[in-house]
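So this block is target.txt, compact mmCIF, C-alpha atoms and all ligand atoms:
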```
# COMPACT_ATOMS: atom_id res chain seq x y z
CA MET B 1 102.49 72.05 107.24
CA SER B 2 100.19 70.32 104.78
CA SER B 3 97.75 72.40 102.79
CA THR B 4 94.91 70.46 104.37
CA THR B 5 95.84 71.31 107.98
CA PRO B 6 93.25 73.83 109.22
CA ALA B 7 94.58 77.39 109.39
CA VAL B 8 93.73 79.52 112.41
CA VAL B 9 92.98 83.06 111.20
CA THR B 10 92.22 85.90 113.60
CA VAL B 11 90.59 88.99 112.12
CA THR B 12 90.32 92.14 114.22
CA GLY B 13 87.70 94.76 113.47
CA ALA B 14 85.63 91.90 112.11
CA ALA B 15 82.37 93.86 112.16
CA GLY B 16 83.85 96.85 110.34
CA GLN B 17 83.64 97.56 106.63
CA ILE B 18 86.93 95.91 105.63
CA GLY B 19 86.34 92.95 107.95
CA TYR B 20 82.91 92.36 106.46
CA ALA B 21 84.32 92.33 102.93
CA ALA B 22 87.35 90.17 103.81
CA LEU B 23 85.70 87.40 105.80
CA PHE B 24 83.59 85.96 103.00
CA ARG B 25 86.53 85.73 100.63
CA ILE B 26 88.70 84.09 103.29
CA ALA B 27 85.92 81.60 103.95
CA ALA B 28 85.62 80.92 100.21
CA GLY B 29 89.32 80.02 99.95
CA ALA B 30 90.61 83.11 98.13
CA MET B 31 93.32 83.74 100.72
CA LEU B 32 94.86 80.36 101.53
CA GLY B 33 93.63 78.19 98.68
CA HIS B 34 90.41 76.35 98.03
CA ASP B 35 91.63 73.14 99.66
CA ARG B 36 92.75 74.68 102.97
CA PRO B 37 90.29 74.41 105.87
CA VAL B 38 90.00 77.57 107.96
CA ARG B 39 89.06 78.35 111.53
CA LEU B 40 88.04 82.00 111.88
CA ARG B 41 88.44 83.90 115.15
CA LEU B 42 86.84 87.34 115.12
CA LEU B 43 87.89 90.10 117.54
CA GLU B 44 85.69 93.12 118.11
CA LEU B 45 85.12 95.81 120.69
CA PRO B 46 82.30 94.84 123.10
CA HIS B 47 79.77 97.20 121.51
CA ALA B 48 80.32 95.63 118.07
CA VAL B 49 80.15 91.98 119.16
CA SER B 50 76.50 91.76 118.22
CA ALA B 51 77.28 92.97 114.68
CA ALA B 52 80.09 90.38 114.49
CA GLU B 53 77.57 87.73 115.54
CA GLY B 54 75.38 88.78 112.64
CA THR B 55 78.34 88.44 110.28
CA ALA B 56 79.04 84.98 111.71
CA MET B 57 75.43 84.00 111.00
CA GLU B 58 75.91 85.07 107.39
CA LEU B 59 79.17 83.15 107.19
CA ASP B 60 77.25 80.10 108.37
CA ASP B 61 74.70 80.73 105.67
CA GLY B 62 77.43 80.68 103.03
CA ALA B 63 77.90 76.94 103.74
CA PHE B 64 81.55 77.35 102.78
CA GLU B 65 83.11 73.93 102.34
CA GLN B 66 86.41 74.76 104.02
CA LEU B 67 85.09 76.91 106.88
CA LEU B 68 85.35 74.75 110.01
CA SER B 69 84.42 77.27 112.70
CA VAL B 70 83.75 80.93 113.51
CA ASP B 71 84.37 82.15 117.07
CA ILE B 72 83.79 85.68 118.31
CA PHE B 73 85.73 87.44 121.06
CA ASP B 74 85.96 90.81 122.74
CA ASP B 75 89.18 89.80 124.46
CA ALA B 76 92.43 89.92 122.48
CA ARG B 77 94.16 87.18 124.50
CA ALA B 78 91.40 84.72 123.70
CA ALA B 79 91.08 85.82 120.06
CA PHE B 80 94.79 85.46 119.26
CA ASP B 81 95.25 82.13 121.08
CA GLY B 82 96.98 79.83 118.57
CA ALA B 83 96.60 82.32 115.69
CA GLU B 84 98.73 81.52 112.64
CA PHE B 85 97.45 84.53 110.74
CA ALA B 86 96.55 87.84 112.36
CA LEU B 87 94.78 90.36 110.14
CA LEU B 88 94.96 93.51 112.24
CA ILE B 89 92.22 95.58 110.67
CA GLY B 90 90.44 96.88 113.78
CA ALA B 91 91.19 100.58 114.22
CA LYS B 92 89.56 103.91 113.57
CA PRO B 93 89.33 104.91 109.89
CA ARG B 94 89.84 108.50 108.82
CA ALA B 95 87.01 110.77 107.80
CA ARG B 96 86.95 113.61 105.27
CA GLY B 97 89.63 116.21 105.91
CA MET B 98 91.93 113.94 107.92
CA GLU B 99 95.33 112.56 106.90
CA ARG B 100 96.31 109.05 107.98
CA ALA B 101 98.90 110.56 110.32
CA ASP B 102 95.98 112.12 112.23
CA LEU B 103 95.11 108.59 113.36
CA LEU B 104 98.53 108.00 114.89
CA GLN B 105 97.68 108.75 118.51
CA ALA B 106 94.12 107.35 118.22
CA ASN B 107 95.21 103.94 116.96
CA ALA B 108 98.80 103.33 118.06
CA ALA B 109 97.92 102.07 121.55
CA ILE B 110 95.82 99.24 120.06
CA PHE B 111 98.88 97.83 118.34
CA ALA B 112 101.15 98.03 121.39
CA GLU B 113 98.66 95.91 123.31
CA GLN B 114 98.03 93.48 120.46
CA GLY B 115 101.79 93.00 119.87
CA GLU B 116 102.21 92.00 123.52
CA VAL B 117 99.32 89.58 123.42
CA LEU B 118 100.46 88.00 120.13
CA ASN B 119 103.87 87.50 121.69
CA ASP B 120 102.28 85.52 124.51
CA VAL B 121 99.62 83.41 122.82
CA ALA B 122 99.95 83.21 119.01
CA ALA B 123 101.26 80.17 117.13
CA ALA B 124 105.02 79.87 116.57
CA ASP B 125 104.60 80.41 112.82
CA LEU B 126 102.41 83.52 113.19
CA ARG B 127 102.20 85.93 110.25
CA VAL B 128 100.75 89.41 110.77
CA VAL B 129 99.43 91.99 108.35
CA VAL B 130 98.52 95.37 109.77
CA VAL B 131 95.79 97.17 107.85
CA GLY B 132 94.65 99.70 110.48
CA ASN B 133 96.17 103.12 109.81
CA PRO B 134 98.78 104.44 109.99
CA ALA B 135 99.62 100.87 109.02
CA ASN B 136 103.42 101.00 108.75
CA THR B 137 103.99 102.57 112.13
CA ASN B 138 101.32 100.45 113.80
CA ALA B 139 103.17 97.36 112.53
CA ALA B 140 106.46 98.71 113.92
CA ILE B 141 104.79 99.28 117.30
CA ALA B 142 103.30 95.77 117.37
CA ALA B 143 106.66 94.21 116.41
CA ALA B 144 108.45 96.20 119.12
CA HIS B 145 106.06 94.75 121.70
CA ALA B 146 106.59 91.16 120.56
CA PRO B 147 110.25 90.45 121.32
CA ASP B 148 109.91 86.67 120.83
CA ILE B 149 108.42 86.89 117.33
CA PRO B 150 110.83 87.49 114.43
CA PRO B 151 110.20 91.11 113.33
CA GLU B 152 109.81 90.13 109.67
CA ARG B 153 106.55 88.37 110.58
CA PHE B 154 105.03 91.83 111.15
CA THR B 155 104.06 93.41 107.85
CA ALA B 156 101.85 96.30 106.83
CA LEU B 157 99.54 96.53 103.85
CA THR B 158 100.77 98.48 100.83
CA ARG B 159 99.35 95.96 98.37
CA LEU B 160 96.37 98.25 97.88
CA ASP B 161 98.75 100.98 96.66
CA HIS B 162 100.50 98.42 94.44
CA ASN B 163 97.19 97.32 92.93
CA ARG B 164 96.13 100.94 92.45
CA ALA B 165 99.38 101.65 90.60
CA ILE B 166 98.76 98.68 88.29
CA ALA B 167 95.23 99.89 87.60
CA GLN B 168 96.39 103.41 86.70
CA LEU B 169 99.13 102.04 84.44
CA ALA B 170 96.63 99.77 82.71
CA HIS B 171 94.38 102.77 81.99
CA ARG B 172 97.32 104.75 80.65
CA ALA B 173 98.62 101.97 78.41
CA GLY B 174 95.20 100.70 77.36
CA CYS B 175 96.03 97.19 78.51
CA ALA B 176 94.80 94.78 81.18
CA ALA B 177 96.16 94.52 84.71
CA ARG B 178 97.56 91.09 83.87
CA ASP B 179 99.82 92.67 81.21
CA ILE B 180 101.69 94.65 83.90
CA SER B 181 104.44 93.37 86.17
CA ARG B 182 107.27 94.58 88.39
CA VAL B 183 105.61 97.68 89.80
CA SER B 184 107.15 98.78 93.12
CA VAL B 185 105.68 100.84 95.93
CA TRP B 186 108.26 102.33 98.31
CA GLY B 187 107.84 104.01 101.68
CA ASN B 188 104.79 104.80 103.75
CA HIS B 189 101.12 103.99 103.09
CA SER B 190 100.43 107.73 102.91
CA PRO B 191 100.49 110.53 100.33
CA THR B 192 104.34 110.44 100.44
CA GLN B 193 104.44 106.86 99.12
CA TYR B 194 106.35 106.40 95.87
CA PRO B 195 104.86 104.13 93.20
CA ASP B 196 107.90 103.36 91.03
CA ILE B 197 107.43 102.31 87.41
CA PHE B 198 111.04 102.53 86.26
CA HIS B 199 111.48 98.73 86.53
CA ALA B 200 107.95 97.86 85.43
CA ARG B 201 106.88 96.00 82.31
CA VAL B 202 103.75 97.32 80.70
CA ALA B 203 102.33 95.27 77.84
CA GLY B 204 105.69 94.77 76.18
CA ARG B 205 106.96 98.28 76.95
CA SER B 206 109.31 99.24 79.73
CA GLY B 207 107.95 101.41 82.52
CA ALA B 208 110.99 103.66 82.08
CA ASP B 209 109.74 104.38 78.60
CA LEU B 210 106.35 105.54 79.96
CA ALA B 211 108.17 107.56 82.63
CA THR B 212 109.78 109.76 79.97
CA ASP B 213 106.50 111.68 80.00
CA ARG B 214 107.47 113.42 83.24
CA ALA B 215 104.42 115.68 83.30
CA TRP B 216 102.13 112.63 83.34
CA LEU B 217 104.32 110.82 85.89
CA VAL B 218 104.63 113.73 88.33
CA ASP B 219 101.29 115.48 87.95
CA ASP B 220 99.01 112.56 87.21
CA PHE B 221 100.22 109.01 87.92
CA ILE B 222 102.04 109.45 91.24
CA PRO B 223 99.46 111.75 92.92
CA THR B 224 96.53 109.72 91.62
CA VAL B 225 97.91 106.56 93.24
CA ALA B 226 99.12 108.26 96.41
CA ARG B 227 95.88 110.19 96.96
CA ARG B 228 93.46 107.48 95.88
CA GLY B 229 92.34 106.83 99.46
CA THR B 230 91.32 110.47 99.78
CA ALA B 231 89.51 110.42 96.42
CA ILE B 232 87.53 107.40 97.58
CA ILE B 233 86.57 109.05 100.87
CA GLU B 234 85.41 112.11 98.90
CA ALA B 235 83.35 109.97 96.51
CA ARG B 236 81.98 107.34 98.86
CA GLY B 237 81.83 109.28 102.10
CA ALA B 238 83.72 106.38 103.71
CA SER B 239 87.21 104.99 103.27
CA SER B 240 87.95 102.19 100.84
CA ALA B 241 86.74 98.84 102.06
CA ALA B 242 86.29 96.09 99.45
CA SER B 243 89.51 97.04 97.64
CA ALA B 244 91.38 97.09 100.97
CA ALA B 245 89.96 93.68 101.87
CA SER B 246 90.91 92.31 98.46
CA ALA B 247 94.47 93.64 98.78
CA THR B 248 94.77 92.13 102.27
CA ILE B 249 93.79 88.77 100.84
CA ASP B 250 96.28 89.19 97.97
CA HIS B 251 99.02 90.00 100.51
CA ILE B 252 98.53 86.87 102.62
CA HIS B 253 97.86 84.73 99.54
CA ASP B 254 101.17 85.63 97.96
CA TRP B 255 103.09 85.46 101.26
CA VAL B 256 101.92 81.87 101.79
CA LEU B 257 101.58 80.57 98.24
CA GLY B 258 104.28 82.63 96.47
CA THR B 259 104.44 85.50 94.01
CA GLU B 260 104.08 84.91 90.27
CA SER B 261 107.35 83.84 88.65
CA ASP B 262 109.03 86.73 86.87
CA ASP B 263 107.02 89.28 88.86
CA TRP B 264 107.06 90.82 92.31
CA THR B 265 104.66 92.72 94.54
CA SER B 266 104.90 95.37 97.27
CA ALA B 267 104.64 94.96 101.03
CA ALA B 268 105.78 96.96 104.02
CA LEU B 269 108.36 95.07 106.13
CA PRO B 270 110.80 96.02 108.87
CA SER B 271 113.79 97.29 106.91
CA PRO B 272 116.95 95.22 107.26
CA GLY B 273 118.83 98.43 106.34
CA VAL B 274 118.71 98.14 102.54
CA TYR B 275 118.08 100.78 99.85
CA GLY B 276 119.00 103.52 102.34
CA VAL B 277 116.05 102.72 104.63
CA PRO B 278 117.13 102.69 108.30
CA GLU B 279 116.88 99.32 109.99
CA GLY B 280 113.56 98.62 111.74
CA LEU B 281 111.38 101.18 109.95
CA VAL B 282 108.41 99.33 108.46
CA CYS B 283 108.76 100.48 104.89
CA SER B 284 107.18 99.34 101.63
CA PHE B 285 109.58 97.56 99.28
CA PRO B 286 109.30 95.51 96.11
CA VAL B 287 109.17 91.93 97.40
CA ARG B 288 108.97 88.34 96.25
CA SER B 289 107.67 85.53 98.38
CA VAL B 290 109.96 82.53 98.30
CA GLY B 291 109.30 79.44 100.44
CA GLY B 292 106.75 81.33 102.52
CA ARG B 293 109.07 84.25 103.34
CA TRP B 294 109.17 87.75 101.90
CA GLU B 295 112.44 88.66 100.21
CA ILE B 296 113.13 92.25 99.23
CA VAL B 297 114.03 92.40 95.54
CA SER B 298 117.73 93.23 95.50
CA GLY B 299 119.96 95.04 93.05
CA LEU B 300 117.45 97.51 91.60
CA GLU B 301 119.05 100.65 90.29
CA ILE B 302 117.50 103.69 92.00
CA ASN B 303 117.79 106.83 89.88
CA GLU B 304 117.88 110.37 91.30
CA PHE B 305 114.16 110.90 90.64
CA SER B 306 113.26 107.81 92.66
CA ARG B 307 115.87 108.41 95.38
CA ALA B 308 114.41 111.80 96.34
CA ARG B 309 110.91 110.39 96.61
CA ILE B 310 111.90 107.29 98.59
CA ASP B 311 113.92 109.48 100.98
CA ALA B 312 110.96 111.81 101.55
CA SER B 313 108.64 108.93 102.46
CA VAL B 314 111.26 107.30 104.68
CA ALA B 315 111.75 110.63 106.48
CA GLU B 316 108.01 110.69 107.17
CA LEU B 317 108.17 107.15 108.59
CA ALA B 318 111.06 108.14 110.86
CA GLY B 319 109.00 111.12 112.05
CA GLU B 320 106.01 108.90 112.86
CA ILE B 321 108.20 106.61 114.93
CA THR B 322 109.54 109.60 116.85
CA ALA B 323 105.97 110.79 117.45
CA VAL B 324 104.96 107.48 119.07
CA GLY B 325 108.20 107.13 121.04
CA ASP B 326 106.30 106.84 124.33
CA LEU B 327 104.58 103.68 123.05
CA LEU B 328 107.84 101.92 122.17
CA PRO B 329 109.54 99.76 124.80
CA ALA B 330 112.67 101.46 126.21
N1 LIG B 401 96.44 99.87 104.79
C1 LIG B 401 95.48 100.12 103.93
O1 LIG B 401 95.68 100.00 102.72
C2 LIG B 401 94.11 100.56 104.38
C3 LIG B 401 93.85 100.75 105.71
N2 LIG B 401 92.61 101.14 106.15
C4 LIG B 401 92.41 101.28 107.59
O2 LIG B 401 91.80 100.09 108.10
C5 LIG B 401 91.15 100.38 109.35
C6 LIG B 401 89.74 99.78 109.38
O3 LIG B 401 88.94 100.39 108.40
P1 LIG B 401 87.36 100.07 108.29
O4 LIG B 401 87.12 98.61 108.32
O5 LIG B 401 86.89 100.87 107.15
O6 LIG B 401 86.85 100.74 109.65
P2 LIG B 401 85.45 100.48 110.39
O7 LIG B 401 85.27 101.60 111.36
O8 LIG B 401 84.37 100.15 109.44
O9 LIG B 401 85.78 99.16 111.22
C7 LIG B 401 86.76 99.11 112.19
C8 LIG B 401 86.28 98.08 113.21
O10 LIG B 401 87.37 97.89 114.11
C9 LIG B 401 86.81 97.71 115.38
N3 LIG B 401 87.87 97.99 116.37
C10 LIG B 401 88.35 99.17 116.77
N4 LIG B 401 89.31 99.00 117.69
C11 LIG B 401 89.44 97.67 117.86
C12 LIG B 401 90.26 96.87 118.69
N5 LIG B 401 91.13 97.41 119.56
N6 LIG B 401 90.15 95.52 118.59
C13 LIG B 401 89.25 94.98 117.75
N7 LIG B 401 88.44 95.68 116.96
C14 LIG B 401 88.53 97.02 117.01
C15 LIG B 401 85.62 98.67 115.44
O11 LIG B 401 84.68 98.30 116.42
C16 LIG B 401 85.07 98.54 114.03
O12 LIG B 401 84.06 97.54 113.93
C17 LIG B 401 91.18 101.92 109.47
O13 LIG B 401 92.24 102.29 110.31
C18 LIG B 401 91.46 102.36 108.04
O14 LIG B 401 92.06 103.64 108.01
C19 LIG B 401 91.59 101.35 105.26
C20 LIG B 401 91.80 101.17 103.92
C21 LIG B 401 93.08 100.80 103.37
O1 LIG B 402 92.77 106.60 102.84
C1 LIG B 402 92.34 106.05 103.87
O2 LIG B 402 92.20 106.59 104.98
C2 LIG B 402 92.08 104.58 103.77
C3 LIG B 402 93.28 104.02 103.15
O3 LIG B 402 94.29 103.83 103.79
C4 LIG B 402 93.29 103.90 101.68
O4 LIG B 402 92.24 103.89 101.04
O5 LIG B 402 94.40 103.81 101.14
```

Let me see the file written as structure tokens.
Amino acid sequence: MSSTTPAVVTVTGAAGQIGYAALFRIAAGAMLGHDRPVRLRLLELPHAVSAAEGTAMELDDGAFEQLLSVDIFDDARAAFDGAEFALLIGAKPRARGMERADLLQANAAIFAEQGEVLNDVAAADLRVVVVGNPANTNAAIAAAHAPDIPPERFTALTRLDHNRAIAQLAHRAGCAARDISRVSVWGNHSPTQYPDIFHARVAGRSGADLATDRAWLVDDFIPTVARRGTAIIEARGASSAASAASATIDHIHDWVLGTESDDWTSAALPSPGVYGVPEGLVCSFPVRSVGGRWEIVSGLEINEFSRARIDASVAELAGEITAVGDLLPA
């Protein structure tokens, strides 16, 4: 498909905080490139349609050169009709004192229904990123309800965790984010996630070198990244929004346009059974995008320190899938 063919992008939860932050950057070309025309389709719950209409008015007022249309729906079948990109953001966010797993029952049903509808009406080359929490398991549920769509088209957002890990490393090393590459986030988008720096490059140093300070790694770096969402809720009184929107845009951008040469990123994909992750669990891996497809970086040596942490997060993912068993097709 040429880069000037209009892209059909459906955004759910369009009137929510992440949706509001994402839409303007999509319209401005940050996600698919500044030369790619975009048709936006916004899905909201009926009570939030009026707010989505207000957002659409503001999108109009941006006079974005590549924004061809904005349509608003409260019906998933209509909203996903012909969608090439589905940004599944619409779901309940957590409040103070909740863990993401507390959202499992509240949000899972949304993704069963949306998987079915995507299966019926989306474009053949559909790509999905699930942002609504618990994102990994919601993506697994949606994929399970879309038997005609290749499972690898269903991904979940762990790019925010990846970006957070880069930011923390940059602070530690006193360098810029651009001086850091090959960070990996493994597992669940939850406090069990494992941001792995053993293969990273940090302003000319190896990440393994930084990791020799185990006290910093274990007591500072890993928990700061893994608990950043909670720290933001504590500070802001609401869960992260602009950073989540930005990471969602980074995710689709790199999926479509490719990762930087000599670097990789992190995304949660249905496991093909590599690195000891059971097949089908939607797990975060280090990935490169090649020819518009995610490829899990192969051949990384996983030391004992990393193995234990990856296994713990994978065990949590397996537990989440068991907990939503009644929402998975038999
Ligand atoms: N994966 C990640 O890195 C991150 C995920 N999140 C998650 O993203 C989700 C959205 O967060 P916010 O935008 O802050 O929440 P929000 O409450 O501001 O907005 C959510 C919007 O979704 C809409 N919605 C709910 N169910 C829907 C459905 N079935 N179809 C269409 N729209 C629906 C609501 O009406 C609301 O406007 C939450 O689950 C949050 O936990 C948040 C930050 C990072
Ligand atoms: O923590 C939350 O509930 C929102 C989120 O997923 C994040 O900021 O990583």

| task | Check the smallest atom-to-atom distance from each of B:Gly90, B:Gly19, B:Gly33, B:Pro195 to Gln168 (chain B) using only C-alpha atoms, then report the winner. | result | B:Pro195

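Inspection of the environment of ligand LIG 402 (chain B), which uses all atoms listed in the file and a cut-off of 6 Å, identifies the neighbouring residues as Pro93, Arg94, Arg100, Gly229, Thr230, Ser239 and Ser240 of chain B.
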
| query | In file coordinates, which residues lie within 10 Å of (98.4, 73.9, 111.1) using all atoms listed in the file, given as JSON, numbers by chain? | reply | {"B": [1, 2, 3, 4, 5, 6, 7, 8, 36, 37, 38, 82, 83, 84, 123, 125]}

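Restricting the calculation to all atoms listed in the file, the smallest distance between ligand LIG 401 (chain B) and any of B:Met31, B:Ile310, B:Val218, B:Ala238 is found for B:Ala238.
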
Sort by chain and increasing residue number a table of all residues of chain B within 6 Å of ligand LIG 401 (chain B), each with its closest pair of atoms and their distance in Å to one decimal, counting all atoms listed in the file, and write it as a tab-separated table.
```
residue	atom	partner	partner_atom	distance
B:Thr12	CA	B:LIG401	C13	4.7
B:Gly13	CA	B:LIG401	O10	3.2
B:Ala15	CA	B:LIG401	O12	4.4
B:Gly16	CA	B:LIG401	O9	3.1
B:Gln17	CA	B:LIG401	O8	3.9
B:Ile18	CA	B:LIG401	O4	3.8
B:Gly19	CA	B:LIG401	O4	5.7
B:Leu43	CA	B:LIG401	C13	5.1
B:Glu44	CA	B:LIG401	N7	3.9
B:Leu45	CA	B:LIG401	O11	5.0
B:Ala48	CA	B:LIG401	O11	5.4
B:Ile89	CA	B:LIG401	C6	5.0
B:Gly90	CA	B:LIG401	O10	3.2
B:Ala91	CA	B:LIG401	C10	4.1
B:Lys92	CA	B:LIG401	O13	4.5
B:Pro93	CA	B:LIG401	C17	3.5
B:Arg94	CA	B:LIG401	O14	5.4
B:Ile110	CA	B:LIG401	N5	5.1
B:Val131	CA	B:LIG401	N1	4.1
B:Gly132	CA	B:LIG401	O13	3.5
B:Asn133	CA	B:LIG401	O13	4.0
B:Ala135	CA	B:LIG401	N1	5.4
B:Leu157	CA	B:LIG401	N1	4.7
B:Thr158	CA	B:LIG401	O1	5.6
B:Leu160	CA	B:LIG401	O1	5.2
B:Ser239	CA	B:LIG401	O5	5.7
B:Ser240	CA	B:LIG401	C20	5.0
B:Ala241	CA	B:LIG401	O5	5.5
B:Ala244	CA	B:LIG401	C21	4.7
```

| message | What does the structure give for the distance between CA of Ser190 (chain B) and CA of Ile166 (chain B), in Å to one decimal? | response | 17.3 Å

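With only C-alpha atoms as the atoms that count, the residue of B:Leu257, B:Glu304, B:Ile249, B:Ala231 with the shortest distance to Ala27 (chain B) is B:Ile249.
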
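If you measure from each of B:Ile232, B:Ala170, B:Ile302, B:Ala139 to Gln114 (chain B) using only C-alpha atoms, the closest one turns out to be B:Ala139.
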
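Minimum atom-to-atom distance to Leu328 (chain B), evaluated using all atoms listed in the file, belongs to B:His145 out of B:Asp120, B:Asn138, B:Leu42, B:His145.
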